Amino acid sequence: MADTITYEDFERVEIRVGTIVDAKPFPEARKPAIQLWVDFGEALGVKTSSAQITAHYAPDKLIGRQVTAVVNFPPRQIGPFRSEVLVLGLPDETGGIVLVRPDFAVPDGGRLL
């Protein structure tokens, strides 16, 4: 089990919902990945992410899907691509990542409470 944190620690992690507006294969990544462009609405605009989600998702099937992401990590340079947010997912029984998303459509930019 992870170390216990306070509610104030949790509040510092900014998790928001956005809609994938573009997705492309990322052949330059060391591990199989997809480049994502996620629209977080007026709150943040469009941000980029490199996501290792190729086990379950094809780029053309991701456009229009809402996802959750940590938006207040510092950006990371992954090869030639700058990843600005961390899209959230959970591993399935074989380690493939399944995206975390809301059950119903919600406004882009909404913050997890």
# chains A, B, ... in the order shown; residues from 1 in each chain; ligands from 1
call {"tool": "residues_around", "arguments": {"residues": "A:Gly89", "least_positions_apart": "4", "cutoff": "10 Å", "atoms": "only C-alpha atoms", "output": "list in words"}}
result
Ala51, Gln52, Ile53, Val67, Thr68, Ala69, Gly96, Ile97, Val98, Leu99, Val100 and Arg101 of chain A
call {"tool": "write_last_selection", "arguments": {"atoms": "N, CA, C and O atoms", "output": "compact mmCIF listing (two decimals), in the first residue's frame"}}
result
# COMPACT_ATOMS: atom_id res chain seq x y z
N ALA A 51 0.63 8.30 -24.76
CA ALA A 51 -0.02 7.30 -23.92
C ALA A 51 0.29 5.89 -24.44
O ALA A 51 0.12 5.61 -25.63
N GLN A 52 0.71 5.01 -23.54
CA GLN A 52 1.00 3.62 -23.88
C GLN A 52 -0.28 2.80 -23.79
O GLN A 52 -0.46 1.98 -22.89
N ILE A 53 -1.17 3.03 -24.75
CA ILE A 53 -2.51 2.43 -24.72
C ILE A 53 -2.79 1.59 -25.96
O ILE A 53 -3.95 1.31 -26.27
N VAL A 67 -11.50 11.60 -21.69
CA VAL A 67 -10.51 10.94 -20.84
C VAL A 67 -10.23 11.84 -19.64
O VAL A 67 -10.56 13.02 -19.64
N THR A 68 -9.61 11.26 -18.62
CA THR A 68 -9.15 12.05 -17.48
C THR A 68 -7.63 12.13 -17.54
O THR A 68 -6.96 11.22 -18.04
N ALA A 69 -7.09 13.22 -17.02
CA ALA A 69 -5.64 13.42 -17.06
C ALA A 69 -5.19 14.31 -15.91
O ALA A 69 -5.92 15.20 -15.47
N GLY A 96 -2.22 -4.49 -20.23
CA GLY A 96 -2.68 -3.48 -21.19
C GLY A 96 -3.44 -2.38 -20.47
O GLY A 96 -4.20 -2.65 -19.54
N ILE A 97 -3.24 -1.14 -20.89
CA ILE A 97 -3.85 0.00 -20.19
C ILE A 97 -5.25 0.27 -20.72
O ILE A 97 -5.48 0.36 -21.93
N VAL A 98 -6.19 0.44 -19.79
CA VAL A 98 -7.58 0.79 -20.08
C VAL A 98 -7.79 2.22 -19.56
O VAL A 98 -7.49 2.52 -18.40
N LEU A 99 -8.26 3.10 -20.42
CA LEU A 99 -8.43 4.51 -20.06
C LEU A 99 -9.48 4.71 -18.97
O LEU A 99 -10.51 4.03 -18.96
N VAL A 100 -9.22 5.68 -18.11
CA VAL A 100 -10.18 6.10 -17.08
C VAL A 100 -10.97 7.26 -17.68
O VAL A 100 -10.40 8.24 -18.16
N ARG A 101 -12.31 7.11 -17.67
CA ARG A 101 -13.15 8.15 -18.25
C ARG A 101 -14.48 8.20 -17.53
O ARG A 101 -14.89 7.23 -16.88
call {"tool": "select_by_dssp", "arguments": {"residues": "stretch 15-96 of chain A", "states": "strand (DSSP E)", "output": "VMD selection string"}}
result
chain A and resid 15 to 25 34 to 39 46 to 51 66 to 70 76 to 78 81 to 83 86 to 87 89 to 91
call {"tool": "write_last_selection", "arguments": {"atoms": "N, CA, C and O atoms", "output": "compact mmCIF listing (two decimals), in the first residue's frame"}}
result
# COMPACT_ATOMS: atom_id res chain seq x y z
N ILE A 15 -6.72 16.85 -11.59
CA ILE A 15 -7.20 15.86 -12.55
C ILE A 15 -8.43 16.46 -13.24
O ILE A 15 -9.40 16.84 -12.57
N ARG A 16 -8.35 16.56 -14.56
CA ARG A 16 -9.44 17.17 -15.33
C ARG A 16 -9.87 16.23 -16.46
O ARG A 16 -9.14 15.34 -16.85
N VAL A 17 -11.06 16.48 -16.99
CA VAL A 17 -11.59 15.72 -18.10
C VAL A 17 -11.43 16.53 -19.39
O VAL A 17 -11.54 17.75 -19.37
N GLY A 18 -11.12 15.81 -20.46
CA GLY A 18 -11.02 16.44 -21.76
C GLY A 18 -11.43 15.46 -22.85
O GLY A 18 -11.59 14.27 -22.60
N THR A 19 -11.59 15.98 -24.06
CA THR A 19 -11.99 15.17 -25.20
C THR A 19 -10.83 15.06 -26.18
O THR A 19 -10.22 16.08 -26.54
N ILE A 20 -10.53 13.85 -26.61
CA ILE A 20 -9.46 13.62 -27.58
C ILE A 20 -9.93 14.19 -28.93
O ILE A 20 -10.97 13.78 -29.45
N VAL A 21 -9.14 15.13 -29.47
CA VAL A 21 -9.49 15.75 -30.75
C VAL A 21 -8.59 15.25 -31.89
O VAL A 21 -8.91 15.44 -33.06
N ASP A 22 -7.47 14.62 -31.53
CA ASP A 22 -6.60 14.03 -32.54
C ASP A 22 -5.77 12.94 -31.86
O ASP A 22 -5.47 13.03 -30.67
N ALA A 23 -5.40 11.93 -32.64
CA ALA A 23 -4.59 10.81 -32.12
C ALA A 23 -3.81 10.23 -33.30
O ALA A 23 -4.37 10.03 -34.38
N LYS A 24 -2.52 9.99 -33.04
CA LYS A 24 -1.65 9.46 -34.10
C LYS A 24 -0.72 8.41 -33.52
O LYS A 24 -0.32 8.50 -32.36
N PRO A 25 -0.33 7.43 -34.33
CA PRO A 25 0.68 6.47 -33.88
C PRO A 25 1.96 7.23 -33.52
O PRO A 25 2.25 8.28 -34.08
N ILE A 34 0.68 6.07 -28.37
CA ILE A 34 -0.14 6.90 -29.26
C ILE A 34 0.01 8.34 -28.80
O ILE A 34 -0.04 8.63 -27.60
N GLN A 35 0.19 9.25 -29.75
CA GLN A 35 0.20 10.68 -29.46
C GLN A 35 -1.24 11.16 -29.41
O GLN A 35 -2.02 10.86 -30.32
N LEU A 36 -1.57 11.89 -28.35
CA LEU A 36 -2.93 12.39 -28.18
C LEU A 36 -2.93 13.91 -28.07
O LEU A 36 -2.02 14.50 -27.49
N TRP A 37 -3.98 14.51 -28.62
CA TRP A 37 -4.27 15.92 -28.42
C TRP A 37 -5.62 15.96 -27.73
O TRP A 37 -6.62 15.48 -28.28
N VAL A 38 -5.65 16.51 -26.51
CA VAL A 38 -6.85 16.47 -25.68
C VAL A 38 -7.32 17.90 -25.42
O VAL A 38 -6.54 18.74 -24.95
N ASP A 39 -8.60 18.16 -25.72
CA ASP A 39 -9.19 19.49 -25.51
C ASP A 39 -9.81 19.56 -24.12
O ASP A 39 -10.76 18.84 -23.82
N VAL A 46 -6.12 22.90 -25.68
CA VAL A 46 -5.68 21.59 -26.14
C VAL A 46 -4.28 21.31 -25.61
O VAL A 46 -3.38 22.14 -25.75
N LYS A 47 -4.10 20.15 -25.01
CA LYS A 47 -2.81 19.70 -24.47
C LYS A 47 -2.44 18.37 -25.11
O LYS A 47 -3.32 17.60 -25.53
N THR A 48 -1.16 18.07 -25.14
CA THR A 48 -0.66 16.83 -25.75
C THR A 48 -0.28 15.80 -24.69
O THR A 48 0.07 16.15 -23.56
N SER A 49 -0.34 14.54 -25.11
CA SER A 49 0.06 13.45 -24.22
C SER A 49 0.53 12.26 -25.06
O SER A 49 0.00 12.00 -26.13
N SER A 50 1.53 11.57 -24.56
CA SER A 50 1.96 10.30 -25.14
C SER A 50 1.44 9.21 -24.21
O SER A 50 1.74 9.21 -23.02
N ALA A 51 0.63 8.30 -24.76
CA ALA A 51 -0.02 7.30 -23.92
C ALA A 51 0.29 5.89 -24.44
O ALA A 51 0.12 5.61 -25.63
N GLN A 66 -13.91 11.00 -24.26
CA GLN A 66 -13.47 11.77 -23.10
C GLN A 66 -12.51 10.93 -22.26
O GLN A 66 -12.69 9.71 -22.15
N VAL A 67 -11.50 11.60 -21.69
CA VAL A 67 -10.51 10.94 -20.84
C VAL A 67 -10.23 11.84 -19.64
O VAL A 67 -10.56 13.02 -19.64
N THR A 68 -9.61 11.26 -18.62
CA THR A 68 -9.15 12.05 -17.48
C THR A 68 -7.63 12.13 -17.54
O THR A 68 -6.96 11.22 -18.04
N ALA A 69 -7.09 13.22 -17.02
CA ALA A 69 -5.64 13.42 -17.06
C ALA A 69 -5.19 14.31 -15.91
O ALA A 69 -5.92 15.20 -15.47
N VAL A 70 -3.97 14.05 -15.44
CA VAL A 70 -3.31 14.96 -14.50
C VAL A 70 -2.74 16.08 -15.36
O VAL A 70 -1.96 15.83 -16.28
N ARG A 76 6.95 16.63 -20.27
CA ARG A 76 8.07 15.71 -20.50
C ARG A 76 8.34 15.62 -21.99
O ARG A 76 7.40 15.51 -22.78
N GLN A 77 9.59 15.64 -22.34
CA GLN A 77 9.98 15.44 -23.72
C GLN A 77 10.16 13.95 -23.95
O GLN A 77 10.97 13.31 -23.28
N ILE A 78 9.38 13.38 -24.85
CA ILE A 78 9.46 11.95 -25.15
C ILE A 78 9.87 11.86 -26.61
O ILE A 78 9.03 11.99 -27.51
N PHE A 81 8.51 14.43 -29.22
CA PHE A 81 7.15 14.84 -28.83
C PHE A 81 7.15 15.37 -27.40
O PHE A 81 7.74 14.77 -26.51
N ARG A 82 6.45 16.47 -27.18
CA ARG A 82 6.32 17.04 -25.83
C ARG A 82 4.98 16.61 -25.24
O ARG A 82 3.92 16.95 -25.77
N SER A 83 5.03 15.86 -24.15
CA SER A 83 3.84 15.39 -23.46
C SER A 83 3.54 16.35 -22.32
O SER A 83 4.33 16.50 -21.39
N LEU A 86 -0.71 13.89 -18.24
CA LEU A 86 -0.66 12.44 -18.04
C LEU A 86 -2.08 11.89 -18.10
O LEU A 86 -2.88 12.10 -17.17
N VAL A 87 -2.42 11.24 -19.21
CA VAL A 87 -3.73 10.61 -19.35
C VAL A 87 -3.76 9.39 -18.42
O VAL A 87 -2.80 8.63 -18.36
N GLY A 89 -4.99 5.77 -16.77
CA GLY A 89 -5.47 4.46 -17.15
C GLY A 89 -5.15 3.44 -16.08
O GLY A 89 -4.36 3.70 -15.17
N LEU A 90 -5.76 2.29 -16.21
CA LEU A 90 -5.54 1.18 -15.27
C LEU A 90 -5.15 -0.06 -16.06
O LEU A 90 -5.67 -0.30 -17.15
N PRO A 91 -4.25 -0.88 -15.50
CA PRO A 91 -3.85 -2.09 -16.24
C PRO A 91 -4.92 -3.18 -16.15
O PRO A 91 -5.56 -3.36 -15.11
call {"tool": "atom_distance", "arguments": {"atom1": "atom CA of A:Met1", "atom2": "atom CA of A:Thr94"}}
result
21.0 Å
call {"tool": "closest_residue", "arguments": {"among": "A:Gly110, A:Pro80, A:Gly95, A:Pro32", "to": "A:Thr54", "atoms": "only C-alpha atoms"}}
result
A:Pro32
call {"tool": "select_by_dssp", "arguments": {"residues": "stretch 1-78 of chain A", "states": "alpha helix (DSSP H)", "output": "list in words"}}
result
Tyr7, Glu8, Asp9, Phe10, Glu11, Arg12, Gly41, Glu42, Ala43, Leu44, Pro59, Asp60, Lys61 and Leu62 of chain A
call {"tool": "write_last_selection", "arguments": {"atoms": "C-alpha atoms", "output": "PDB file, in the first residue's frame"}}
result
ATOM      1  CA  TYR A   7      -6.583  15.742   1.692  1.00  0.00           C
ATOM      2  CA  GLU A   8      -4.464  18.825   1.012  1.00  0.00           C
ATOM      3  CA  ASP A   9      -1.949  16.584  -0.804  1.00  0.00           C
ATOM      4  CA  PHE A  10      -4.775  15.193  -2.956  1.00  0.00           C
ATOM      5  CA  GLU A  11      -6.056  18.701  -3.734  1.00  0.00           C
ATOM      6  CA  ARG A  12      -2.659  19.569  -5.242  1.00  0.00           C
ATOM      7  CA  GLY A  41     -12.072  23.458 -22.977  1.00  0.00           C
ATOM      8  CA  GLU A  42     -11.614  27.059 -21.916  1.00  0.00           C
ATOM      9  CA  ALA A  43      -9.884  25.947 -18.708  1.00  0.00           C
ATOM     10  CA  LEU A  44      -6.671  24.816 -20.462  1.00  0.00           C
ATOM     11  CA  PRO A  59      -5.725   6.140 -32.898  1.00  0.00           C
ATOM     12  CA  ASP A  60      -8.706   6.572 -35.235  1.00  0.00           C
ATOM     13  CA  LYS A  61     -11.092   5.087 -32.631  1.00  0.00           C
ATOM     14  CA  LEU A  62     -10.021   7.531 -29.886  1.00  0.00           C
TER      15      LEU A  62
END
call {"tool": "closest_residue", "arguments": {"among": "A:Phe40, A:Ala33, A:Thr6, A:Pro74", "to": "A:Ala58", "atoms": "only C-alpha atoms"}}
result
A:Ala33
call {"tool": "closest_residue", "arguments": {"among": "A:Pro107, A:Gly79, A:Pro102, A:Gly45", "to": "A:Pro27", "atoms": "only C-alpha atoms"}}
result
A:Gly79
